[in-house]
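**Student:** Supplied structure: final_32.txt, compact mmCIF, C-alpha atoms and all ligand atoms.
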# COMPACT_ATOMS: atom_id res chain seq x y z
CA MET A 15 11.37 7.80 -13.68
CA LYS A 16 11.20 10.84 -11.44
CA ALA A 17 9.05 13.95 -11.25
CA THR A 18 8.90 16.93 -8.93
CA ILE A 19 5.52 16.69 -7.27
CA ASN A 20 4.37 19.17 -4.63
CA GLY A 21 7.99 20.28 -4.21
CA VAL A 22 9.51 16.81 -3.63
CA THR A 23 11.04 14.27 -5.99
CA ILE A 24 8.72 11.30 -6.50
CA ALA A 25 10.02 8.14 -8.19
CA TYR A 26 7.63 5.99 -10.20
CA ASP A 27 7.36 3.53 -13.08
CA ASP A 28 4.82 3.86 -15.85
CA GLN A 29 4.67 0.81 -18.14
CA GLY A 30 2.26 -0.49 -20.76
CA SER A 31 -0.90 1.02 -22.17
CA GLY A 32 -4.64 0.63 -21.71
CA LEU A 33 -6.68 1.04 -18.54
CA PRO A 34 -4.38 2.62 -15.89
CA LEU A 35 -3.80 0.59 -12.72
CA VAL A 36 -2.12 2.56 -9.90
CA PHE A 37 -0.36 0.46 -7.26
CA LEU A 38 0.25 1.87 -3.75
CA HIS A 39 2.73 0.00 -1.58
CA ALA A 40 2.72 -1.03 2.08
CA PHE A 41 4.67 0.43 5.00
CA PRO A 42 7.70 0.45 5.07
CA LEU A 43 8.38 -0.86 1.57
CA ASN A 44 8.54 0.74 -1.87
CA ARG A 45 7.29 0.29 -5.45
CA ARG A 46 9.58 -2.71 -6.06
CA MET A 47 7.11 -4.81 -4.07
CA TRP A 48 4.87 -4.72 -7.19
CA ARG A 49 7.53 -5.99 -9.61
CA ASP A 50 5.82 -9.33 -10.36
CA GLN A 51 2.41 -7.72 -10.86
CA ALA A 52 3.87 -4.95 -13.07
CA GLU A 53 5.73 -7.47 -15.23
CA ALA A 54 2.70 -9.70 -15.69
CA LEU A 55 0.05 -6.99 -16.18
CA SER A 56 1.85 -4.34 -18.26
CA SER A 57 1.15 -6.25 -21.49
CA THR A 58 -2.58 -5.59 -20.96
CA PHE A 59 -2.84 -2.49 -18.78
CA ARG A 60 -1.00 0.76 -18.07
CA ILE A 61 0.75 0.04 -14.77
CA VAL A 62 1.86 2.92 -12.56
CA THR A 63 3.85 2.06 -9.43
CA ILE A 64 4.90 4.86 -7.08
CA ASP A 65 7.46 5.25 -4.30
CA LEU A 66 5.39 7.27 -1.89
CA ARG A 67 7.03 10.32 -0.31
CA GLY A 68 9.46 9.01 2.33
CA HIS A 69 10.18 5.71 0.52
CA GLY A 70 12.58 4.10 -1.90
CA GLU A 71 13.94 6.52 -4.48
CA SER A 72 11.54 9.35 -3.60
CA ASP A 73 12.53 12.19 -1.30
CA ALA A 74 12.04 11.67 2.42
CA PRO A 75 11.84 15.23 3.76
CA LEU A 76 12.04 15.75 7.50
CA TRP A 77 8.56 17.16 8.12
CA ARG A 78 5.01 16.22 8.98
CA TYR A 79 3.56 13.37 6.89
CA THR A 80 -0.16 12.74 6.45
CA LEU A 81 -2.12 10.27 4.33
CA ASP A 82 -3.95 13.26 2.81
CA GLN A 83 -0.58 14.57 1.66
CA ALA A 84 0.15 11.15 0.11
CA ALA A 85 -3.21 11.32 -1.70
CA GLU A 86 -2.33 14.83 -2.95
CA ASP A 87 1.04 13.57 -4.23
CA ILE A 88 -0.73 10.79 -6.14
CA ARG A 89 -3.31 13.16 -7.60
CA ALA A 90 -0.56 15.53 -8.75
CA LEU A 91 1.49 12.66 -10.23
CA LEU A 92 -1.57 11.40 -12.12
CA ASP A 93 -2.14 14.92 -13.47
CA HIS A 94 1.53 15.00 -14.52
CA LEU A 95 0.98 11.70 -16.37
CA SER A 96 -2.34 12.95 -17.85
CA ILE A 97 -4.23 10.11 -16.18
CA ARG A 98 -7.75 11.15 -15.24
CA GLY A 99 -9.32 7.93 -13.97
CA ALA A 100 -7.64 4.70 -12.81
CA VAL A 101 -8.12 1.47 -10.92
CA PHE A 102 -6.35 1.79 -7.55
CA VAL A 103 -4.63 -1.15 -5.87
CA GLY A 104 -3.56 -0.40 -2.29
CA LEU A 105 -1.98 -2.88 0.08
CA SER A 106 -2.12 -2.12 3.80
CA MET A 107 -0.91 1.50 4.15
CA GLY A 108 -1.56 1.76 0.40
CA GLY A 109 -5.18 0.89 1.23
CA TYR A 110 -5.36 3.59 3.92
CA ILE A 111 -4.17 6.04 1.25
CA CYS A 112 -6.88 4.79 -1.14
CA PHE A 113 -9.45 5.84 1.47
CA ALA A 114 -7.79 9.29 1.78
CA PHE A 115 -7.81 9.59 -2.03
CA HIS A 116 -11.46 8.50 -2.21
CA ARG A 117 -12.43 11.23 0.28
CA ARG A 118 -11.08 13.88 -2.11
CA TYR A 119 -11.23 12.40 -5.60
CA ALA A 120 -13.78 9.57 -5.68
CA ASP A 121 -14.66 10.53 -9.26
CA ARG A 122 -11.15 9.51 -10.39
CA MET A 123 -11.50 5.94 -9.09
CA LYS A 124 -12.75 3.54 -11.77
CA GLY A 125 -12.23 0.58 -9.49
CA LEU A 126 -10.65 -0.22 -6.16
CA ILE A 127 -8.66 -3.18 -4.90
CA LEU A 128 -8.04 -3.12 -1.16
CA ALA A 129 -5.52 -5.77 -0.12
CA ASP A 130 -4.48 -6.71 3.41
CA THR A 131 -5.78 -3.46 4.83
CA LYS A 132 -8.53 -2.16 7.08
CA ALA A 133 -10.93 0.76 7.35
CA GLN A 134 -10.67 1.32 11.12
CA ALA A 135 -8.34 3.94 12.62
CA ASP A 136 -5.61 2.97 15.11
CA THR A 137 -6.58 2.11 18.67
CA PRO A 138 -4.86 4.16 21.44
CA GLU A 139 -2.52 1.16 22.01
CA GLY A 140 -1.80 1.00 18.28
CA ARG A 141 -0.86 4.70 18.30
CA ASP A 142 1.49 4.13 21.24
CA SER A 143 3.24 1.33 19.41
CA ARG A 144 3.70 3.61 16.35
CA PHE A 145 5.43 6.10 18.66
CA GLN A 146 7.64 3.32 20.08
CA MET A 147 8.56 2.15 16.60
CA ALA A 148 9.46 5.69 15.53
CA GLN A 149 11.84 5.87 18.53
CA VAL A 150 13.43 2.54 17.48
CA ALA A 151 13.92 3.89 13.95
CA TYR A 152 15.46 7.09 15.32
CA ARG A 153 17.78 5.35 17.81
CA LYS A 154 18.69 2.10 16.06
CA GLY A 155 18.08 2.68 12.36
CA THR A 156 16.19 0.90 9.63
CA GLY A 157 17.79 -2.54 10.26
CA ALA A 158 15.99 -2.67 13.63
CA ILE A 159 12.71 -1.78 11.88
CA ALA A 160 13.25 -4.66 9.44
CA ASP A 161 13.82 -7.03 12.40
CA MET A 162 10.53 -5.90 13.95
CA MET A 163 8.47 -5.86 10.78
CA ILE A 164 9.48 -9.01 8.88
CA PRO A 165 7.75 -11.47 11.27
CA ARG A 166 4.59 -9.32 11.07
CA LEU A 167 4.62 -9.02 7.30
CA LEU A 168 5.45 -12.59 6.22
CA ALA A 169 4.13 -16.00 7.21
CA PRO A 170 6.41 -18.10 9.47
CA ALA A 171 6.90 -20.64 6.65
CA THR A 172 7.96 -17.84 4.28
CA VAL A 173 10.47 -16.53 6.81
CA GLN A 174 11.92 -20.03 7.26
CA GLN A 175 11.86 -21.31 3.70
CA ARG A 176 12.20 -18.34 1.34
CA PRO A 177 15.40 -16.50 2.27
CA GLU A 178 15.53 -14.66 -1.06
CA LEU A 179 12.10 -13.10 -0.46
CA VAL A 180 13.02 -12.21 3.12
CA ARG A 181 16.21 -10.55 1.81
CA ALA A 182 14.23 -8.56 -0.76
CA VAL A 183 11.77 -7.32 1.88
CA ARG A 184 14.65 -6.43 4.22
CA ALA A 185 16.42 -4.50 1.44
CA MET A 186 13.25 -2.49 0.74
CA ILE A 187 12.81 -1.64 4.43
CA GLU A 188 16.47 -0.78 4.97
CA GLY A 189 16.51 1.35 1.81
CA ASN A 190 14.20 3.92 3.41
CA GLU A 191 15.28 7.00 5.34
CA VAL A 192 14.42 7.15 9.05
CA SER A 193 12.61 10.44 8.32
CA GLY A 194 10.27 8.60 5.94
CA ILE A 195 9.61 5.72 8.35
CA ALA A 196 8.90 8.06 11.26
CA GLY A 197 6.77 10.25 8.99
CA ASP A 198 4.64 7.30 7.90
CA LEU A 199 4.16 6.17 11.48
CA MET A 200 2.86 9.62 12.41
CA ALA A 201 0.62 9.71 9.35
CA MET A 202 -0.89 6.27 10.07
CA ALA A 203 -1.36 7.07 13.77
CA GLU A 204 -3.31 10.21 12.86
CA ARG A 205 -5.43 8.69 10.14
CA ALA A 206 -9.20 9.02 10.27
CA ASP A 207 -11.61 6.15 10.74
CA SER A 208 -12.70 5.18 7.22
CA THR A 209 -15.56 2.88 8.20
CA PRO A 210 -18.16 5.70 7.69
CA LEU A 211 -16.87 5.96 4.10
CA LEU A 212 -17.46 2.33 3.15
CA GLY A 213 -21.19 2.53 2.39
CA GLY A 214 -20.55 5.43 -0.02
CA ILE A 215 -17.96 3.69 -2.20
CA ARG A 216 -19.66 3.44 -5.57
CA CYS A 217 -16.88 2.05 -7.79
CA PRO A 218 -16.46 -1.72 -8.23
CA THR A 219 -14.37 -3.01 -5.33
CA GLN A 220 -12.34 -6.15 -4.74
CA ILE A 221 -11.03 -7.04 -1.29
CA ILE A 222 -8.03 -9.37 -0.99
CA VAL A 223 -6.55 -10.86 2.18
CA GLY A 224 -3.87 -13.44 2.91
CA GLU A 225 -5.41 -16.18 5.04
CA LEU A 226 -2.53 -15.84 7.55
CA ASP A 227 -2.54 -12.02 7.71
CA GLN A 228 -2.09 -10.94 11.34
CA PRO A 229 -1.96 -7.11 11.21
CA THR A 230 -5.14 -6.92 9.07
CA PRO A 231 -6.83 -10.31 9.38
CA LEU A 232 -9.86 -11.77 7.59
CA ALA A 233 -12.28 -10.07 10.03
CA ASP A 234 -11.07 -6.65 8.82
CA ALA A 235 -11.52 -7.72 5.20
CA GLN A 236 -14.98 -9.10 5.97
CA LEU A 237 -16.04 -5.78 7.55
CA MET A 238 -15.16 -3.97 4.29
CA VAL A 239 -16.92 -6.59 2.14
CA ASP A 240 -20.04 -6.33 4.29
CA GLN A 241 -20.22 -2.53 4.05
CA ILE A 242 -18.96 -1.64 0.55
CA PRO A 243 -21.86 -2.11 -1.89
CA GLY A 244 -21.22 -5.05 -4.24
CA ALA A 245 -17.65 -5.72 -3.01
CA SER A 246 -16.19 -9.21 -3.42
CA LEU A 247 -13.67 -11.02 -1.27
CA ALA A 248 -10.71 -13.18 -2.28
CA VAL A 249 -8.74 -15.02 0.41
CA ILE A 250 -5.24 -16.09 -0.65
CA PRO A 251 -4.07 -19.34 0.96
CA GLU A 252 -0.55 -19.65 2.37
CA ALA A 253 -0.04 -15.90 2.42
CA ALA A 254 0.17 -13.47 5.32
CA HIS A 255 0.21 -9.64 5.19
CA LEU A 256 2.33 -9.21 2.04
CA SER A 257 0.06 -11.49 0.02
CA ASN A 258 1.21 -10.12 -3.36
CA LEU A 259 4.82 -11.10 -2.59
CA GLU A 260 4.08 -14.42 -0.94
CA GLN A 261 1.65 -15.63 -3.62
CA PRO A 262 2.37 -13.35 -6.59
CA ASP A 263 0.62 -15.41 -9.29
CA GLU A 264 -2.62 -15.75 -7.39
CA PHE A 265 -2.63 -12.06 -6.46
CA THR A 266 -1.95 -11.05 -10.08
CA GLN A 267 -4.75 -13.27 -11.37
CA ILE A 268 -7.25 -11.65 -9.01
CA VAL A 269 -6.19 -8.17 -10.14
CA GLU A 270 -6.29 -9.21 -13.80
CA ARG A 271 -9.76 -10.74 -13.52
CA PHE A 272 -11.12 -7.67 -11.73
CA ALA A 273 -9.52 -5.07 -14.02
CA SER A 274 -10.45 -6.94 -17.22
CA GLN A 275 -14.12 -6.45 -16.38
CA LEU A 276 -13.54 -2.69 -16.20
CA ALA A 277 -11.34 -2.26 -19.28
C1 LIG B 1 1.56 -1.91 6.21
O1 LIG B 1 1.84 -3.04 5.82
O2 LIG B 1 1.41 -0.95 5.44
C2 LIG B 1 1.47 -1.69 7.70
O3 LIG B 1 1.54 -2.91 8.36
C3 LIG B 1 0.22 -0.97 8.03
C4 LIG B 1 0.10 -0.64 9.49
O4 LIG B 1 1.10 -0.66 10.22
O5 LIG B 1 -1.02 -0.31 9.92
So, in terms of structure tokens, how does the structure I just supplied come out?

**Tutor:**
Amino acid sequence: MKATINGVTIAYDDQGSGLPLVFLHAFPLNRRMWRDQAEALSSTFRIVTIDLRGHGESDAPLWRYTLDQAAEDIRALLDHLSIRGAVFVGLSMGGYICFAFHRRYADRMKGLILADTKAQADTPEGRDSRFQMAQVAYRKGTGAIADMMIPRLLAPATVQQRPELVRAVRAMIEGNEVSGIAGDLMAMAERADSTPLLGGIRCPTQIIVGELDQPTPLADAQLMVDQIPGASLAVIPEAAHLSNLEQPDEFTQIVERFASQLA
């Protein structure tokens, strides 16, 4: 499905009925990364998956991207779908966008699942490497971005033993426009530190992390658990950064258990 949101075409899926669960994907993927979770959970919940601006089947305008803009797109899409409150599930960049959404619309969050993400802003070195990656995207295209990202996103055993999953991740990355990839990199580099926000999160919160996650390791998850009142932590074995793709059943069960308590 598609809708014109804030002047751009946004692609999304809206399946099932009941408590709405809104899934926000990682960089540089798209809503297809949630296919297993959507299939399993749409018999119990209303599942909304979104291709963020710059990704998948959504428009990727050549302009400035910010995580606040992404949060505005989500708010406008939820209005379009007549969804007032929802449980938000954000993985990595999706988690950064949950923080941006919380800053503006905390009252619309009935629950929050932050997976393989972190509250801290980029370090100066991290910002430099975003700039370098944007130049790679511009000069060499999305295939080069897939080559760089896959070893960071997936566990070594996954890369070696699960070629079909690696192919699916590569196809998602290569399906993006360079404008969207560069836009995201600028948006993430500019994002605010969300650690001051953590103590004020009042909705029930679940933190999830793959035990082998390198970009946002257990220590980042632990920091959020320590500071968000009442948050719980689930560590998924044999998963790295894309824990929902590497261990889909376990990830789905955690989401189901959490959301069932809120339904
Ligand atoms: C993601 O998976 O969304 C990215 O790894 C996040 C990041 O680069 O900070």

**Student:** Could you work out how far CA of Val62 (chain A) lies from CA of Arg49 (chain A), giving the answer in Å with one decimal?

**Tutor:**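 Distance between the two atoms: 11.0 Å.
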
**Student:** Could you list, as a VMD selection string, all the residues within 6 Å of ligand LIG 1 (chain B), counting all atoms listed in the file?

**Tutor:** chain A and resid 40 to 41 106 to 107

**Student:** Out of A:His69, A:Arg216, A:Lys132, A:Arg144, which residue has the shortest atom-to-atom distance to Ile111 (chain A) when counting all atoms listed in the file?

**Tutor:**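 So, comparing all the options, the nearest one is A:Lys132.
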
**Student:** Nearest residue to Phe115 (chain A) out of A:Ser96, A:Thr137, A:Gln83, A:Asn190, using all atoms listed in the file?

**Tutor:**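 Using all atoms listed in the file, the shortest distance to Phe115 (chain A) belongs to A:Gln83.
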
**Student:** So, counting all atoms listed in the file, which residue among A:Glu260, A:Asp198, A:Glu86, A:Asp27 is closest to His116 (chain A)?

**Tutor:**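 Among the listed residues, A:Glu86 lies closest to His116 (chain A).
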
**Student:** Just the number, please: distance in Å from CA of Met123 (chain A) to CA of Pro34 (chain A), one decimal.

**Tutor:**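 Straight-line distance from CA of Met123 (chain A) to CA of Pro34 (chain A) works out to 10.4 Å.
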
**Student:** May I have the residues within 12 Å of Ile127 (chain A) as a VMD selection string, using only C-alpha atoms and disregarding those fewer than 2 positions away in the same chain?

**Tutor:** chain A and resid 35 to 38 100 to 106 108 to 113 123 to 125 129 to 131 215 217 to 223 235 238 to 239 242 245 to 248 265 to 266 268 to 273

**Student:** Report the distance between CA of Trp77 (chain A) and CA of Ile19 (chain A) in Å, rounded to one decimal place.

**Tutor:** 15.7 Å

**Student:** Restricting the calculation to all atoms listed in the file: of A:Leu33, A:Leu237, A:Leu259, A:Ile97, which residue gets closest to Thr209 (chain A)?

**Tutor:**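 Closest residue, counting all atoms listed in the file: A:Leu237.
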
**Student:** Measuring between only C-alpha atoms, which one of A:Asp93, A:Glu188, A:Asp65, A:Asp28 shows the shortest distance to Arg46 (chain A)?

**Tutor:**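 Closest residue, counting only C-alpha atoms: A:Asp65.
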
**Student:** Which residue is closest to Gly244 (chain A)? Choose from A:Leu91, A:Leu126, A:Ala185, A:Ala158 and count all atoms listed in the file.

**Tutor:**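 Residue with the minimum atom-to-atom distance to Gly244 (chain A): A:Leu126.
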
**Student:** Excluding Tyr152 (chain A) and any residue of its chain fewer than 5 positions from it, enumerate the residues within 9 Å of it, using all atoms listed in the file, and give them as JSON, numbers by chain.

**Tutor:** {"A": [147, 192, 193, 196]}

**Student:** Compile the contact shell of region 162-166 of chain A as number ranges by chain: residues with an atom at most 12 Å away, counting only C-alpha atoms, same-chain residues fewer than 4 positions apart removed.

**Tutor:** A: 40-43, 143-144, 146-148, 150-151, 154-158, 170-174, 177, 179-188, 195, 226-231, 253-256

**Student:** Where atoms are absent from region 28-39 of chain A, fill them in so it carries all heavy atoms, then output it as a PDB file, keeping the file's coordinate frame.

**Tutor:**
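The resulting file, result_20.pdb, is shown below:
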ATOM      1  N   ASP A  28       6.045   3.729 -15.060  1.00  0.00           N
ATOM      2  CA  ASP A  28       4.820   3.860 -15.850  1.00  0.00           C
ATOM      3  C   ASP A  28       5.037   2.979 -17.076  1.00  0.00           C
ATOM      4  O   ASP A  28       5.810   3.338 -17.959  1.00  0.00           O
ATOM      5  CB  ASP A  28       4.652   5.347 -16.227  1.00  0.00           C
ATOM      6  CG  ASP A  28       3.413   5.603 -17.073  1.00  0.00           C
ATOM      7  OD1 ASP A  28       2.589   4.692 -17.228  1.00  0.00           O
ATOM      8  OD2 ASP A  28       3.284   6.743 -17.571  1.00  0.00           O
ATOM      9  N   GLN A  29       4.402   1.793 -17.080  1.00  0.00           N
ATOM     10  CA  GLN A  29       4.670   0.810 -18.140  1.00  0.00           C
ATOM     11  C   GLN A  29       3.360   0.367 -18.781  1.00  0.00           C
ATOM     12  O   GLN A  29       2.357   0.210 -18.091  1.00  0.00           O
ATOM     13  CB  GLN A  29       5.307  -0.468 -17.548  1.00  0.00           C
ATOM     14  CG  GLN A  29       6.593  -0.269 -16.809  1.00  0.00           C
ATOM     15  CD  GLN A  29       6.841  -1.448 -15.850  1.00  0.00           C
ATOM     16  OE1 GLN A  29       6.743  -1.301 -14.643  1.00  0.00           O
ATOM     17  NE2 GLN A  29       7.152  -2.622 -16.381  1.00  0.00           N
ATOM     18  N   GLY A  30       3.413   0.079 -20.068  1.00  0.00           N
ATOM     19  CA  GLY A  30       2.260  -0.490 -20.760  1.00  0.00           C
ATOM     20  C   GLY A  30       1.243   0.558 -21.159  1.00  0.00           C
ATOM     21  O   GLY A  30       1.422   1.758 -20.917  1.00  0.00           O
ATOM     22  N   SER A  31       0.163   0.088 -21.769  1.00  0.00           N
ATOM     23  CA  SER A  31      -0.900   1.020 -22.170  1.00  0.00           C
ATOM     24  C   SER A  31      -2.244   0.347 -21.932  1.00  0.00           C
ATOM     25  O   SER A  31      -2.317  -0.860 -21.712  1.00  0.00           O
ATOM     26  CB  SER A  31      -0.727   1.412 -23.636  1.00  0.00           C
ATOM     27  OG  SER A  31      -0.772   0.257 -24.431  1.00  0.00           O
ATOM     28  N   GLY A  32      -3.298   1.150 -21.991  1.00  0.00           N
ATOM     29  CA  GLY A  32      -4.640   0.630 -21.710  1.00  0.00           C
ATOM     30  C   GLY A  32      -5.160   1.240 -20.424  1.00  0.00           C
ATOM     31  O   GLY A  32      -4.705   2.307 -19.995  1.00  0.00           O
ATOM     32  N   LEU A  33      -6.104   0.558 -19.803  1.00  0.00           N
ATOM     33  CA  LEU A  33      -6.680   1.040 -18.540  1.00  0.00           C
ATOM     34  C   LEU A  33      -5.564   1.230 -17.501  1.00  0.00           C
ATOM     35  O   LEU A  33      -4.805   0.293 -17.229  1.00  0.00           O
ATOM     36  CB  LEU A  33      -7.700   0.004 -18.028  1.00  0.00           C
ATOM     37  CG  LEU A  33      -8.350   0.291 -16.677  1.00  0.00           C
ATOM     38  CD1 LEU A  33      -9.262   1.516 -16.740  1.00  0.00           C
ATOM     39  CD2 LEU A  33      -9.154  -0.932 -16.208  1.00  0.00           C
ATOM     40  N   PRO A  34      -5.442   2.426 -16.892  1.00  0.00           N
ATOM     41  CA  PRO A  34      -4.380   2.620 -15.890  1.00  0.00           C
ATOM     42  C   PRO A  34      -4.706   1.917 -14.554  1.00  0.00           C
ATOM     43  O   PRO A  34      -5.821   2.036 -14.039  1.00  0.00           O
ATOM     44  CB  PRO A  34      -4.344   4.142 -15.688  1.00  0.00           C
ATOM     45  CG  PRO A  34      -5.133   4.732 -16.808  1.00  0.00           C
ATOM     46  CD  PRO A  34      -6.144   3.688 -17.206  1.00  0.00           C
ATOM     47  N   LEU A  35      -3.715   1.219 -14.047  1.00  0.00           N
ATOM     48  CA  LEU A  35      -3.800   0.590 -12.720  1.00  0.00           C
ATOM     49  C   LEU A  35      -2.705   1.235 -11.869  1.00  0.00           C
ATOM     50  O   LEU A  35      -1.520   1.179 -12.246  1.00  0.00           O
ATOM     51  CB  LEU A  35      -3.537  -0.917 -12.803  1.00  0.00           C
ATOM     52  CG  LEU A  35      -4.698  -1.878 -13.034  1.00  0.00           C
ATOM     53  CD1 LEU A  35      -5.501  -1.520 -14.263  1.00  0.00           C
ATOM     54  CD2 LEU A  35      -4.181  -3.313 -13.151  1.00  0.00           C
ATOM     55  N   VAL A  36      -3.075   1.851 -10.759  1.00  0.00           N
ATOM     56  CA  VAL A  36      -2.120   2.560  -9.900  1.00  0.00           C
ATOM     57  C   VAL A  36      -1.912   1.743  -8.636  1.00  0.00           C
ATOM     58  O   VAL A  36      -2.873   1.465  -7.905  1.00  0.00           O
ATOM     59  CB  VAL A  36      -2.667   3.970  -9.554  1.00  0.00           C
ATOM     60  CG1 VAL A  36      -1.739   4.683  -8.586  1.00  0.00           C
ATOM     61  CG2 VAL A  36      -2.853   4.790 -10.829  1.00  0.00           C
ATOM     62  N   PHE A  37      -0.665   1.343  -8.394  1.00  0.00           N
ATOM     63  CA  PHE A  37      -0.360   0.460  -7.260  1.00  0.00           C
ATOM     64  C   PHE A  37       0.292   1.257  -6.129  1.00  0.00           C
ATOM     65  O   PHE A  37       1.317   1.920  -6.338  1.00  0.00           O
ATOM     66  CB  PHE A  37       0.606  -0.647  -7.711  1.00  0.00           C
ATOM     67  CG  PHE A  37      -0.041  -1.720  -8.535  1.00  0.00           C
ATOM     68  CD1 PHE A  37      -0.299  -1.523  -9.886  1.00  0.00           C
ATOM     69  CD2 PHE A  37      -0.401  -2.935  -7.963  1.00  0.00           C
ATOM     70  CE1 PHE A  37      -0.894  -2.514 -10.655  1.00  0.00           C
ATOM     71  CE2 PHE A  37      -1.003  -3.937  -8.716  1.00  0.00           C
ATOM     72  CZ  PHE A  37      -1.259  -3.727 -10.064  1.00  0.00           C
ATOM     73  N   LEU A  38      -0.255   1.144  -4.924  1.00  0.00           N
ATOM     74  CA  LEU A  38       0.250   1.870  -3.750  1.00  0.00           C
ATOM     75  C   LEU A  38       0.773   0.860  -2.719  1.00  0.00           C
ATOM     76  O   LEU A  38       0.033  -0.013  -2.243  1.00  0.00           O
ATOM     77  CB  LEU A  38      -0.877   2.713  -3.141  1.00  0.00           C
ATOM     78  CG  LEU A  38      -1.524   3.705  -4.127  1.00  0.00           C
ATOM     79  CD1 LEU A  38      -2.638   4.484  -3.441  1.00  0.00           C
ATOM     80  CD2 LEU A  38      -0.497   4.646  -4.728  1.00  0.00           C
ATOM     81  N   HIS A  39       2.039   1.021  -2.381  1.00  0.00           N
ATOM     82  CA  HIS A  39       2.730   0.000  -1.580  1.00  0.00           C
ATOM     83  C   HIS A  39       2.424   0.095  -0.079  1.00  0.00           C
ATOM     84  O   HIS A  39       1.833   1.057   0.409  1.00  0.00           O
ATOM     85  CB  HIS A  39       4.241   0.077  -1.825  1.00  0.00           C
ATOM     86  CG  HIS A  39       4.865   1.384  -1.439  1.00  0.00           C
ATOM     87  ND1 HIS A  39       5.071   1.754  -0.133  1.00  0.00           N
ATOM     88  CD2 HIS A  39       5.335   2.415  -2.192  1.00  0.00           C
ATOM     89  CE1 HIS A  39       5.655   2.936  -0.095  1.00  0.00           C
ATOM     90  NE2 HIS A  39       5.815   3.371  -1.332  1.00  0.00           N
TER      91      HIS A  39
END
